[in-house]
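Peer 1: I am attaching a structure below and will ask some questions about it afterwards.
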Amino acid sequence: MSHAQAHPIDPADPHGFHEEGHHGHVIVPWQILLGVLITLLAFTALTVFQAQFEKYAMHEWGWQIPGWVNVVLAMGIACIKGTLVVMFFMQLRYDKGINVILFLFTLFAVWLFIMFTAIDLTGRGHITEWRAGEITSGGTGAGVRREGVNGPLFIVAKEQFIAEHGLAEYEKELHAHHAASHESDLSTAQMSRAHQGLTPGLFASGVWEHASSGHDDHGAAHDEAASHEAESENAAPAEQDTTGGH
Amino acid sequence: MATIHTQQPALGKDDKSVPLWKRYHHGHHWRTADDEFDAAKIGIWLFLSTEILLFSGMFCAYTLFRLLYPESIAAGSSYLDWRWGGLNTVVLLISSFTMANAIRCVQLDKQGWAKINLIITWLCAALFLAIKLTFEYGPKWAQGKRPGVLFNYPFASEAHEPIWWGIYYVSTGIHATHVIGGMALIALLIYRQHKGAYGPTHYTLMEGVGLYWHIVDLVWIFLFPLLYLVH
Amino acid sequence: MTTVDRTSEHLGAHAGHHDEGSYLTPKYGPIGTVWDWMTTVDHKKIGVMYLFAVLFMFFLGGVAALMLRTELLDPTRVVDGQVTGAALSALVPGEVTPASVGQLYNRVMTMHGAIMVFMFIVPGIPASLGNFFLPLMLGAKDVAFPRLNLASWYIYVFGSMFGVFSILMGGVDTGWTFYTPYSTTTAGQPQVIAMVLAAFILGFSSIFTGLNFIVTTHKLRAPGMGWFDMPLFIWAVYSTSIIQVLATPVIGITLLLLFFERALQIGIFDPGLGGDPVLFQHFFWFYSHPVVYVMILPAMGIISDVLAVHCHKRIFGYRAIAFSSLAIAAISFLVWGHHMFSSQGELAAMIFSFLTFFVAIPTAVKVFNWIASLYKGSITFTTPMLYVFAFLFLFSIGGLTGLPLGTLSTDLHLHDSYFVVAHFHYVMFGGTVIAFLAGIHHWWPKMFGRMYNERGGQIGCLLVFVGFNVTFFTQFFLGTQGMPRRYASYVDDFHTLHVISTIGSYILAAGFLVHLGVFIHSLFLGPKAPQNPWGGLTLEWETQTPPIEHNFHDEPVVTHGPYDFDEVVPPGWDPKDYPLPAPDPAGHKH
């Protein structure tokens with residue numbers, strides 16, 4: 001795929017295209033376009049495969065593939081695909097330098113934006129420790145302005161369902177839903193959370209009543225997160241590896 | 001050297017036997033048609049920069065909530081079916097290819113092929129939206145998998161799933177809005193191309209819409225693994 | 001200033017074309033003319049329409065500011081059971097209490113901030129003077145995308161209407177920064193949505209203008225004009241445009257998220273749902289800090305050009321000034337966190353504080369070069385030049401008081417105090433508005449074909465300068481003593497300083513009234529302006545006054561630099577009136 005293949009337009013036209021130094025118009029051969037499309041489709045298949053393979057390897061052979069591998073591979077493949085689209089479909093490969101500079105500078109700005117923001121949100125506890133816990137534990141929807149909400153939103157939804165349809169129906173539906181969400185308990189990521197919906201017994205301890213009584217009480221929210229973590233660690237010893245970007 | 005250009009092009013403006021694109025004359029404030037085309041290209045790329053930065057806000061939000069609540073994001077991701085996402089990726093990639101191909105056909109004055117390619121592009125866009133609405137937004141909304149305070153899904157397992165749905169709906173929603181905008185633009189292209197407005201010497205609008213359409217594809221290339229595959 | 005009438009002498013050069021009217025000459029009847037202006041794609045007409053629109057917004061924002069100062073003259077309090085100092089009571093619906101007046105104060109304060117930032121100062125210079133003079137200075141017939149330019153104006157008007165609409169609905173009391181969670185959770189405030197949409201729509205207008213200018217600068221320079229033959233105003237506007245294009249989309253997504261947050265409570269910024277309100281601040285300031293340089297960079301460009309012309313001297317350090325504009329644009333993206341020293345983590349705060357000081361370098365480069373340019377210049381004390389001096393003085397104060405605010409430890413004491421208010425008014429008003437006034441006076445004859453009354457302009461300048469300093473210098477003291485910003489009331493210790501500040505704001509308003517009178521007088525009774533009243537060398541002075549519709553009779557070819565005052569007789573001037581100095585034996589250029 002060299003420059004020679006992408007030949008400029010036949011210059012026999014009346015509108016100034018005959019001028020020297022004309023390099024704006026390039027016709028990319030259809031073979032290249034089709035080749036790029038096939039490559040893109042192949043990479044799409046590959047990225048889906050690697051995501052599925054992780055679950056399969058866990059299930060069949062018990063391989064523990066660290067979570068970051070998934071992220072790095074998926075984003076790496078996405079970057080390759082994006083580069084192909086930009087270079088050939090968008091023809092940046094044949095385009096003027098100014099547009100290339102512009103595009104790269106834009107990506108640089110995006111990087112700055114995400115990087116600096118992430119420095120703040122992940123680095124809050126580095127100097128004064130008390131900042132870390134309070135901010136990252138966050139809320140759960142308890143105390144938000146919605147009628148009938150007096151606890152964490154997902155608990156409210158669950159209780160509402162049980163009140164309307166009964167616990168047996170809930171158990172049945174829960175099974176159906178989690179079977180429907182395609183092999184959810186095969187993923188390593190799922191290891192870090194309850195296999196069958198909610199961790200049994202977690203919410204019987206009474207912490208939720210405590211949390212919902214005072215929403216702005218960050219300590220309560222923190223307790224909840226901590227106890228949740230403790231529970232899920234019992235269920236899934238592999239938690240540390242699975243959450244990629246802690 | 002008086003350079004106040006007359007608007008009158010070299011070929012007869014009203015000569016119906018000559019296709020529109022041959023009768024096109026560049027704007028009076030440009031020295032050459034090449035200058036005008038290059039300028040339009042820089043303008044489009046600047047616009048694409050703004051698009052990338054617009055979406056960067058959503059990528060930033062995704063990254064940060066992934067760092068704050070990895071489990072909720074993983075749980076949320078598991079509700080999405082990679083098969084629909086993958087199918088939509090294929091659909092968008094094909095439409096991107098046909099768009100690039102339509103421009104190539106116009107550059108070579110193969111008007112019939114150009115039209116076929118444009119129509120396929122438009123249909124792919126429509127298919128993308130149809131899949132999105134019928135198999136993704138519709139059922140999920142009905143099940144109560146809704147953003148923020150509207151969240152009402154009884155079988156959730158993570159406390160911050162409402163946030164996940166907020167990110168999901170807003171980022172794919174803005175993307176879908178861009179697809180709708182792209183469909184309108186491609187429809188305009190089909191109409192104008194039918195009228196013979198584009199040819200080897202003039203296809204600026206096609207080039208612009210094409211680049212826009214590729215950026216819509218590009219954003220999806222990143223959204224797909226982030227939302228459907230990474231956990 | 002020479003008093004020779006150069007108009008008649010110039011007739012010879014373009015005698016053949018002289019019957020062609022200026023862009024202001026009506027070609028149709030009254031209704032046709034209005035329609036012609038409404039649908040025009042002429043950058044000059046759009047620039048003029050923008051000028052009047054932003055000045056109207058400045059008027060609205062200014063009225064709000066005077067209301068604030070009037071309230072603070074004698075704040076509403078309850079003394080011995082009696083409500084005292086109800087200066088704004090006529091505007092309060094229902095009972096006049098400190099609380100209800102405070103509520104009104106918050107709304108007026110938001111109105112002042114939002115109008116001044118989003119509708120006046122961000123579009124201000126680039127969209128009005130930039131639109132008019134960027135193509136002229138480049139020797140182009142128009143901007144690259146004229147219809148986009150018109151669209152940008154209509155979007156601006158449409159967006160401003162949303163903002164005014166939110167005020168008519170009762171007003172927003174969030175402050176112009178819309179900080180969450182207050183902006184998303186205060187009950188019964190649907191106006192927030194209108195104001196947020198206004199800012200979102202105005203962003204498009206800003207992007208379109210910036211995009212247009214970048215492409216115009218790249219593709220439409222006159223033959224012979226290289227990048228380093230461009231006037232420094234163009235460099236400044238170009239740098240501004242880069243920021244506008246790269247930063248504005250982020251405020252777009254921020255405001256969209258805020259809109260969804262407000263309308264649907266999606267939770268991304270809502271701590272109640274696990275969202276992060278500080279994330280909103282990051283999003284907001286990623287745009288709003290660079291946009292501070294959108295406000296000040298074009299002003300710096302005006303100063304470079306006006307200063308050189310009114311000193312009749314080559315600008316010192318052309319390339320340094322040009323590159324410092326780009327450097328400011330680049331650094332502007334690295335320092336947004338210094339608006340959040342008290343809300344973010346210390347690690348990020350330290351990094352941002354460190355980076356903030358880098359902004360001072362290119363800024364100081366500019367100021368030093370301007371002052372060096374004055375050396376041995378033949379300075380004329382016209383109104384624009386007086387404003388340049390005012391700028392140099394006030395902007396330096398504004399810049400230097402930024403240093404304690406950029407220092408982490410002192411900022412924690414000073415933040416959210418009147419010290420911050422005084423600092424950014426010294427930069428935004430003492431910098432941008434003062435330079436805007438310099439630019440308007442400098443280019444007024446070219447835009448409207450009439451001279452303004454010089455003595456009137458000088459009096460106005462004096463009043464503005466004195467009034468501004470009286471208003472805002474006192475606020476430095478108030479801030480260091482602990483007066484917090486955005487408060488409708490204060491303890492008695494601050495009373496004297498507040499009174500002085502308010503009196504200053506009235507003097508300031510009087511200065512603007514004088515300017516208004518001078519401009520109106522000029523439009524109707526002013527003497528006809530010559531082609532080149534100040535002796536400028538940039539291309540806008542080569543065309544007739546006011547310019548013809550296509551700007552130039554013949555496409556200009558650039559043969560000299562924009563500041564070669566020691567080598568070139570200004571266009572439209574007789575060499576008799578402009579004795580060139582003896583050639584520099586060393587032959588230095590730039």
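By convention here, the chains of the structure tokens are called A, B, ... in the order presented, each chain's residues are numbered starting at 1, and ligands are numbered starting at 1 in the order presented.
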What are the residues of chain C that have an atom within 6 Å of an atom of chain A, counting only C-alpha atoms, as a list in words?
Peer 2: Pro271, Gly272, Leu273, Gly274, Gly345 and Ala348 of chain C
Peer 1: For those residues, write N, CA and C atoms to a file as a PDB file, in the first residue's frame.
Peer 2:
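Everything below was put into again_10.pdb:
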ATOM      1  N   PRO C 271     -23.984  13.236  44.290  1.00  0.00           N
ATOM      2  CA  PRO C 271     -23.390  12.384  45.322  1.00  0.00           C
ATOM      3  C   PRO C 271     -24.405  11.446  45.960  1.00  0.00           C
ATOM      4  N   GLY C 272     -25.662  11.814  45.925  1.00  0.00           N
ATOM      5  CA  GLY C 272     -26.685  10.950  46.496  1.00  0.00           C
ATOM      6  C   GLY C 272     -26.782   9.620  45.780  1.00  0.00           C
ATOM      7  N   LEU C 273     -26.387   9.602  44.509  1.00  0.00           N
ATOM      8  CA  LEU C 273     -26.456   8.357  43.745  1.00  0.00           C
ATOM      9  C   LEU C 273     -25.074   7.760  43.527  1.00  0.00           C
ATOM     10  N   GLY C 274     -24.069   8.358  44.132  1.00  0.00           N
ATOM     11  CA  GLY C 274     -22.716   7.860  43.928  1.00  0.00           C
ATOM     12  C   GLY C 274     -21.951   8.640  42.884  1.00  0.00           C
ATOM     13  N   GLY C 345      -8.281  16.850  45.473  1.00  0.00           N
ATOM     14  CA  GLY C 345      -7.253  16.283  46.331  1.00  0.00           C
ATOM     15  C   GLY C 345      -5.972  17.103  46.290  1.00  0.00           C
ATOM     16  N   ALA C 348      -3.414  16.552  43.157  1.00  0.00           N
ATOM     17  CA  ALA C 348      -3.766  17.268  41.940  1.00  0.00           C
ATOM     18  C   ALA C 348      -3.599  18.764  42.134  1.00  0.00           C
TER      19      ALA C 348
END
Peer 1: Up to 7 Å from chain C, what residues of chain B turn up? Count only C-alpha atoms and give them as a ChimeraX atom specification.
Peer 2: /B:1-3,29,35,39,42-43,46,49-50,53-54,57,147-149,160,163,166
Peer 1: Those residues with C-alpha atoms, as a PDB file, in the first residue's frame please?
Peer 2:
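Produced file selection_28.pdb, reproduced below:
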ATOM      1  CA  MET B   1      -5.042  42.919 -11.428  1.00  0.00           C
ATOM      2  CA  ALA B   2      -8.679  43.197 -10.631  1.00  0.00           C
ATOM      3  CA  THR B   3      -9.681  39.967  -8.997  1.00  0.00           C
ATOM      4  CA  HIS B  29     -13.694  34.992  -2.124  1.00  0.00           C
ATOM      5  CA  ASP B  35      -8.158  26.498  -2.035  1.00  0.00           C
ATOM      6  CA  ALA B  39     -10.293  25.078   3.409  1.00  0.00           C
ATOM      7  CA  ILE B  42      -9.588  21.934   7.411  1.00  0.00           C
ATOM      8  CA  GLY B  43     -12.974  23.196   8.539  1.00  0.00           C
ATOM      9  CA  LEU B  46     -11.781  21.176  13.070  1.00  0.00           C
ATOM     10  CA  SER B  49     -12.014  17.728  16.660  1.00  0.00           C
ATOM     11  CA  THR B  50     -14.948  19.248  18.468  1.00  0.00           C
ATOM     12  CA  LEU B  53     -13.750  16.331  22.471  1.00  0.00           C
ATOM     13  CA  LEU B  54     -17.494  16.201  22.986  1.00  0.00           C
ATOM     14  CA  GLY B  57     -16.390  13.912  28.188  1.00  0.00           C
ATOM     15  CA  PRO B 147     -30.409   5.776  34.552  1.00  0.00           C
ATOM     16  CA  GLY B 148     -30.168   7.412  37.930  1.00  0.00           C
ATOM     17  CA  VAL B 149     -33.248   7.930  39.964  1.00  0.00           C
ATOM     18  CA  HIS B 160     -24.034   1.896  41.689  1.00  0.00           C
ATOM     19  CA  ILE B 163     -24.737   5.392  37.508  1.00  0.00           C
ATOM     20  CA  GLY B 166     -26.580   6.913  33.236  1.00  0.00           C
TER      21      GLY B 166
END
Peer 1: Considering only C-alpha atoms, return as a list in words whatever protein or nucleic-acid residues lie within 12 Å of Leu34 (chain A), sequence-local ones (same chain, fewer than 3 positions apart) excluded.
Peer 2: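 Contacts, in chain order: Val28, Pro29, Trp30, Gln31, Leu37, Ile38, Thr39, Leu40, Leu41, Leu84, Val85, Phe88 and Phe89 of chain A; Leu93, Ile94, Ser95, Ser96, Phe97, Thr98, Met99, Ala100 and Asn101 of chain B.
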Peer 1: Limited to N, CA and C atoms, could you put the picked residues into a file as a PDB file, in the first residue's frame?
Peer 2:
ATOM      1  N   VAL A  28      -8.654   6.583  -3.388  1.00  0.00           N
ATOM      2  CA  VAL A  28      -8.152   5.349  -2.802  1.00  0.00           C
ATOM      3  C   VAL A  28      -8.776   4.189  -3.573  1.00  0.00           C
ATOM      4  N   PRO A  29      -7.962   3.243  -4.071  1.00  0.00           N
ATOM      5  CA  PRO A  29      -8.523   2.128  -4.832  1.00  0.00           C
ATOM      6  C   PRO A  29      -9.482   1.300  -3.988  1.00  0.00           C
ATOM      7  N   TRP A  30     -10.474   0.730  -4.628  1.00  0.00           N
ATOM      8  CA  TRP A  30     -11.475  -0.021  -3.860  1.00  0.00           C
ATOM      9  C   TRP A  30     -10.861  -1.252  -3.216  1.00  0.00           C
ATOM     10  N   GLN A  31      -9.790  -1.775  -3.816  1.00  0.00           N
ATOM     11  CA  GLN A  31      -9.157  -2.943  -3.205  1.00  0.00           C
ATOM     12  C   GLN A  31      -8.663  -2.603  -1.793  1.00  0.00           C
ATOM     13  N   LEU A  37     -11.796  -2.886   5.226  1.00  0.00           N
ATOM     14  CA  LEU A  37     -13.052  -3.344   5.826  1.00  0.00           C
ATOM     15  C   LEU A  37     -12.894  -4.755   6.377  1.00  0.00           C
ATOM     16  N   ILE A  38     -12.277  -5.637   5.574  1.00  0.00           N
ATOM     17  CA  ILE A  38     -12.130  -7.025   6.019  1.00  0.00           C
ATOM     18  C   ILE A  38     -11.241  -7.086   7.262  1.00  0.00           C
ATOM     19  N   THR A  39     -10.180  -6.283   7.256  1.00  0.00           N
ATOM     20  CA  THR A  39      -9.318  -6.248   8.444  1.00  0.00           C
ATOM     21  C   THR A  39     -10.101  -5.791   9.665  1.00  0.00           C
ATOM     22  N   LEU A  40     -10.927  -4.764   9.461  1.00  0.00           N
ATOM     23  CA  LEU A  40     -11.708  -4.240  10.587  1.00  0.00           C
ATOM     24  C   LEU A  40     -12.658  -5.300  11.124  1.00  0.00           C
ATOM     25  N   LEU A  41     -13.308  -6.019  10.210  1.00  0.00           N
ATOM     26  CA  LEU A  41     -14.240  -7.059  10.654  1.00  0.00           C
ATOM     27  C   LEU A  41     -13.480  -8.158  11.394  1.00  0.00           C
ATOM     28  N   LEU A  84      -6.911   2.428  11.576  1.00  0.00           N
ATOM     29  CA  LEU A  84      -7.223   2.032  10.198  1.00  0.00           C
ATOM     30  C   LEU A  84      -8.309   2.928   9.610  1.00  0.00           C
ATOM     31  N   VAL A  85      -9.362   3.148  10.400  1.00  0.00           N
ATOM     32  CA  VAL A  85     -10.452   3.988   9.899  1.00  0.00           C
ATOM     33  C   VAL A  85      -9.928   5.386   9.568  1.00  0.00           C
ATOM     34  N   PHE A  88      -7.322   5.263   6.408  1.00  0.00           N
ATOM     35  CA  PHE A  88      -7.754   4.885   5.064  1.00  0.00           C
ATOM     36  C   PHE A  88      -9.152   5.376   4.724  1.00  0.00           C
ATOM     37  N   PHE A  89     -10.118   5.112   5.597  1.00  0.00           N
ATOM     38  CA  PHE A  89     -11.460   5.603   5.290  1.00  0.00           C
ATOM     39  C   PHE A  89     -11.478   7.132   5.306  1.00  0.00           C
TER      40      PHE A  89
ATOM     41  N   LEU B  93     -19.380  -0.606  10.422  1.00  0.00           N
ATOM     42  CA  LEU B  93     -18.148  -0.729   9.634  1.00  0.00           C
ATOM     43  C   LEU B  93     -18.479  -0.831   8.152  1.00  0.00           C
ATOM     44  N   ILE B  94     -19.505  -1.625   7.850  1.00  0.00           N
ATOM     45  CA  ILE B  94     -19.887  -1.760   6.439  1.00  0.00           C
ATOM     46  C   ILE B  94     -20.349  -0.410   5.890  1.00  0.00           C
ATOM     47  N   SER B  95     -21.127   0.308   6.697  1.00  0.00           N
ATOM     48  CA  SER B  95     -21.609   1.602   6.203  1.00  0.00           C
ATOM     49  C   SER B  95     -20.442   2.569   6.011  1.00  0.00           C
ATOM     50  N   SER B  96     -19.434   2.456   6.852  1.00  0.00           N
ATOM     51  CA  SER B  96     -18.264   3.309   6.693  1.00  0.00           C
ATOM     52  C   SER B  96     -17.562   2.989   5.377  1.00  0.00           C
ATOM     53  N   PHE B  97     -17.463   1.687   5.088  1.00  0.00           N
ATOM     54  CA  PHE B  97     -16.835   1.266   3.839  1.00  0.00           C
ATOM     55  C   PHE B  97     -17.621   1.796   2.642  1.00  0.00           C
ATOM     56  N   THR B  98     -18.955   1.627   2.664  1.00  0.00           N
ATOM     57  CA  THR B  98     -19.738   2.070   1.508  1.00  0.00           C
ATOM     58  C   THR B  98     -19.666   3.587   1.356  1.00  0.00           C
ATOM     59  N   MET B  99     -19.558   4.285   2.476  1.00  0.00           N
ATOM     60  CA  MET B  99     -19.434   5.744   2.379  1.00  0.00           C
ATOM     61  C   MET B  99     -18.136   6.115   1.668  1.00  0.00           C
ATOM     62  N   ALA B 100     -17.026   5.495   2.118  1.00  0.00           N
ATOM     63  CA  ALA B 100     -15.746   5.777   1.466  1.00  0.00           C
ATOM     64  C   ALA B 100     -15.810   5.388  -0.008  1.00  0.00           C
ATOM     65  N   ASN B 101     -16.473   4.281  -0.272  1.00  0.00           N
ATOM     66  CA  ASN B 101     -16.577   3.816  -1.645  1.00  0.00           C
ATOM     67  C   ASN B 101     -17.422   4.756  -2.490  1.00  0.00           C
TER      68      ASN B 101
END
Peer 1: Considering only C-alpha atoms, return as a list in words whatever protein or nucleic-acid residues lie within 9 Å of Leu437 (chain C), sequence-local ones (same chain, fewer than 5 positions apart) excluded.
Peer 2: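 Here the answer would be Thr383, Pro384, Tyr387, Thr432, His442 and Cys461 of chain C.
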Peer 1: With only C-alpha atoms as the counted atoms, please give the residues lying no more than 12 Å from region 391-395 of chain C, apart from itself and same-chain residues fewer than 2 positions off, as a tab-separated table (two decimals) with N, CA and C atoms, in the first residue's frame.
Peer 2:
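Generated output (around.tsv):
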chain	number	residue	atom	x	y	z
C	296	ILE	N	-8.99	36.97	27.12
C	296	ILE	CA	-7.90	37.94	27.23
C	296	ILE	C	-7.00	37.97	25.99
C	299	ALA	N	-7.73	40.56	23.39
C	299	ALA	CA	-7.43	41.88	23.95
C	299	ALA	C	-5.94	42.17	23.83
C	300	MET	N	-5.11	41.16	24.09
C	300	MET	CA	-3.67	41.34	23.95
C	300	MET	C	-3.32	41.65	22.50
C	302	ILE	N	-5.22	43.23	20.33
C	302	ILE	CA	-5.59	44.62	20.09
C	302	ILE	C	-4.51	45.54	20.62
C	303	ILE	N	-4.04	45.23	21.84
C	303	ILE	CA	-3.04	46.10	22.45
C	303	ILE	C	-1.79	46.15	21.56
C	304	SER	N	-1.34	44.98	21.07
C	304	SER	CA	-0.14	44.97	20.22
C	304	SER	C	-0.31	45.91	19.02
C	306	VAL	N	-2.70	48.35	18.41
C	306	VAL	CA	-2.99	49.76	18.69
C	306	VAL	C	-1.74	50.46	19.20
C	307	LEU	N	-0.99	49.76	20.05
C	307	LEU	CA	0.20	50.37	20.61
C	307	LEU	C	1.20	50.72	19.52
C	363	THR	N	2.86	35.57	29.41
C	363	THR	CA	2.15	36.82	29.68
C	363	THR	C	3.14	37.95	29.96
C	364	ALA	N	4.13	37.63	30.77
C	364	ALA	CA	5.14	38.65	31.08
C	364	ALA	C	5.95	39.00	29.83
C	366	LYS	N	4.88	39.22	26.88
C	366	LYS	CA	4.09	40.21	26.15
C	366	LYS	C	4.22	41.59	26.78
C	367	VAL	N	4.02	41.65	28.10
C	367	VAL	CA	4.02	42.96	28.75
C	367	VAL	C	5.37	43.64	28.58
C	368	PHE	N	6.44	42.89	28.77
C	368	PHE	CA	7.77	43.49	28.61
C	368	PHE	C	7.97	43.99	27.19
C	369	ASN	N	7.52	43.23	26.22
C	369	ASN	CA	7.70	43.66	24.83
C	369	ASN	C	6.91	44.91	24.52
C	370	TRP	N	5.70	44.99	25.08
C	370	TRP	CA	4.91	46.20	24.83
C	370	TRP	C	5.62	47.42	25.41
C	371	ILE	N	6.11	47.25	26.62
C	371	ILE	CA	6.76	48.41	27.25
C	371	ILE	C	8.02	48.77	26.49
C	374	LEU	N	7.41	50.98	23.53
C	374	LEU	CA	7.14	52.40	23.75
C	374	LEU	C	8.42	53.23	23.65
C	384	PRO	N	-7.49	55.67	22.06
C	384	PRO	CA	-7.02	54.28	22.06
C	384	PRO	C	-5.70	54.11	22.80
C	385	MET	N	-4.79	55.07	22.61
C	385	MET	CA	-3.49	54.93	23.26
C	385	MET	C	-3.61	55.10	24.76
C	386	LEU	N	-4.50	56.01	25.20
C	386	LEU	CA	-4.72	56.15	26.64
C	386	LEU	C	-5.23	54.83	27.21
C	387	TYR	N	-6.08	54.17	26.45
C	387	TYR	CA	-6.59	52.89	26.92
C	387	TYR	C	-5.49	51.84	26.94
C	388	VAL	N	-4.54	51.95	26.01
C	388	VAL	CA	-3.41	51.00	26.06
C	388	VAL	C	-2.63	51.19	27.34
C	389	PHE	N	-2.39	52.45	27.71
C	389	PHE	CA	-1.68	52.68	28.97
C	389	PHE	C	-2.48	52.15	30.14
C	397	ILE	N	-1.49	44.69	37.27
C	397	ILE	CA	-2.00	44.45	38.62
C	397	ILE	C	-2.79	43.14	38.65
C	398	GLY	N	-3.65	42.99	37.65
C	398	GLY	CA	-4.45	41.76	37.59
C	398	GLY	C	-3.58	40.53	37.51
C	399	GLY	N	-2.55	40.59	36.67
C	399	GLY	CA	-1.68	39.42	36.52
C	399	GLY	C	-0.91	39.12	37.79
C	400	LEU	N	-0.38	40.15	38.42
C	400	LEU	CA	0.45	39.92	39.60
C	400	LEU	C	-0.38	39.44	40.78
C	401	THR	N	-1.62	39.92	40.89
C	401	THR	CA	-2.45	39.41	42.00
C	401	THR	C	-2.90	37.99	41.72
C	402	GLY	N	-2.71	37.52	40.48
C	402	GLY	CA	-3.01	36.13	40.19
C	402	GLY	C	-2.00	35.19	40.84
C	422	ALA	N	-11.73	40.93	42.83
C	422	ALA	CA	-10.92	42.04	42.35
C	422	ALA	C	-9.91	41.56	41.31
C	423	HIS	N	-9.29	40.40	41.58
C	423	HIS	CA	-8.29	39.88	40.63
C	423	HIS	C	-8.89	39.67	39.26
C	424	PHE	N	-10.00	38.96	39.18
C	424	PHE	CA	-10.45	38.67	37.83
C	424	PHE	C	-11.12	39.86	37.17
C	425	HIS	N	-11.60	40.82	37.98
C	425	HIS	CA	-12.08	42.04	37.32
C	425	HIS	C	-10.91	42.86	36.80
C	426	TYR	N	-9.79	42.83	37.49
C	426	TYR	CA	-8.62	43.53	36.96
C	426	TYR	C	-8.15	42.90	35.66
C	427	VAL	N	-8.28	41.59	35.55
C	427	VAL	CA	-7.85	40.95	34.30
C	427	VAL	C	-8.93	41.08	33.23
C	428	MET	N	-10.17	40.79	33.61
C	428	MET	CA	-11.24	40.77	32.61
C	428	MET	C	-11.69	42.17	32.24
C	429	PHE	N	-11.88	43.01	33.22
C	429	PHE	CA	-12.30	44.38	32.90
C	429	PHE	C	-11.08	45.23	32.58
C	430	GLY	N	-10.12	45.26	33.51
C	430	GLY	CA	-8.92	46.05	33.28
C	430	GLY	C	-8.12	45.57	32.09
C	431	GLY	N	-8.28	44.30	31.74
C	431	GLY	CA	-7.61	43.79	30.55
C	431	GLY	C	-8.52	43.83	29.34
C	432	THR	N	-9.51	42.94	29.34
C	432	THR	CA	-10.29	42.74	28.12
C	432	THR	C	-11.16	43.94	27.77
C	433	VAL	N	-11.94	44.43	28.71
C	433	VAL	CA	-12.87	45.50	28.36
C	433	VAL	C	-12.11	46.76	27.99
C	434	ILE	N	-11.04	47.05	28.72
C	434	ILE	CA	-10.24	48.23	28.41
C	434	ILE	C	-9.65	48.10	27.00
C	435	ALA	N	-9.14	46.91	26.67
C	435	ALA	CA	-8.58	46.72	25.33
C	435	ALA	C	-9.68	46.77	24.28
C	436	PHE	N	-10.84	46.24	24.61
C	436	PHE	CA	-11.98	46.31	23.70
C	436	PHE	C	-12.29	47.77	23.38
C	437	LEU	N	-12.29	48.60	24.44
C	437	LEU	CA	-12.55	50.02	24.23
C	437	LEU	C	-11.45	50.65	23.37
C	438	ALA	N	-10.19	50.26	23.63
C	438	ALA	CA	-9.10	50.76	22.79
C	438	ALA	C	-9.35	50.38	21.34
C	439	GLY	N	-9.74	49.12	21.12
C	439	GLY	CA	-9.97	48.64	19.76
C	439	GLY	C	-11.14	49.34	19.10
C	461	CYS	N	-12.37	58.00	28.97
C	461	CYS	CA	-11.28	57.10	29.38
C	461	CYS	C	-10.85	57.40	30.81
C	464	VAL	N	-13.50	56.14	33.23
C	464	VAL	CA	-13.49	54.68	33.34
C	464	VAL	C	-12.30	54.22	34.16
C	465	PHE	N	-11.14	54.83	33.90
C	465	PHE	CA	-9.93	54.41	34.61
C	465	PHE	C	-10.04	54.68	36.11
C	466	VAL	N	-10.45	55.89	36.44
C	466	VAL	CA	-10.58	56.24	37.86
C	466	VAL	C	-11.68	55.40	38.51
C	468	PHE	N	-12.92	52.57	37.66
C	468	PHE	CA	-12.58	51.16	37.78
C	468	PHE	C	-11.68	50.92	38.99
C	469	ASN	N	-10.66	51.76	39.13
C	469	ASN	CA	-9.72	51.54	40.24
C	469	ASN	C	-10.38	51.75	41.59
C	472	PHE	N	-12.58	48.57	42.23
C	472	PHE	CA	-12.03	47.23	42.43
C	472	PHE	C	-10.77	47.20	43.29
C	473	PHE	N	-10.03	48.32	43.38
C	473	PHE	CA	-8.85	48.22	44.23
C	473	PHE	C	-9.26	48.04	45.68
Peer 1: I'd like the neighbourhood of Ala529 (chain C) as an mmCIF file with C-alpha atoms, in the first residue's frame, where a residue qualifies if any of its atoms comes within 9 Å (using only C-alpha atoms), though same-chain residues fewer than 2 positions away should be ignored.
Peer 2:
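Now in part-v3.cif:
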data_model
loop_
_atom_site.group_PDB
_atom_site.id
_atom_site.type_symbol
_atom_site.label_atom_id
_atom_site.label_comp_id
_atom_site.auth_asym_id
_atom_site.auth_seq_id
_atom_site.Cartn_x
_atom_site.Cartn_y
_atom_site.Cartn_z
ATOM 1 C CA THR C 7 -9.030 62.351 2.292
ATOM 2 C CA PRO C 445 -13.406 55.510 11.946
ATOM 3 C CA LYS C 446 -12.775 52.535 9.666
ATOM 4 C CA PHE C 448 -18.389 53.705 10.406
ATOM 5 C CA GLY C 449 -16.531 56.302 8.355
ATOM 6 C CA ARG C 450 -16.812 58.982 11.047
ATOM 7 C CA MET C 451 -14.313 60.373 13.518
ATOM 8 C CA TYR C 452 -15.296 60.480 17.163
ATOM 9 C CA GLY C 526 -18.860 63.243 13.493
ATOM 10 C CA PRO C 527 -16.526 64.573 10.792
ATOM 11 C CA GLN C 531 -8.778 56.568 4.930
ATOM 12 C CA ASN C 532 -6.032 56.150 7.502
ATOM 13 C CA PRO C 533 -6.447 58.508 10.454
ATOM 14 C CA THR C 545 -13.212 54.203 4.681
ATOM 15 C CA PRO C 546 -15.617 52.561 5.298
#
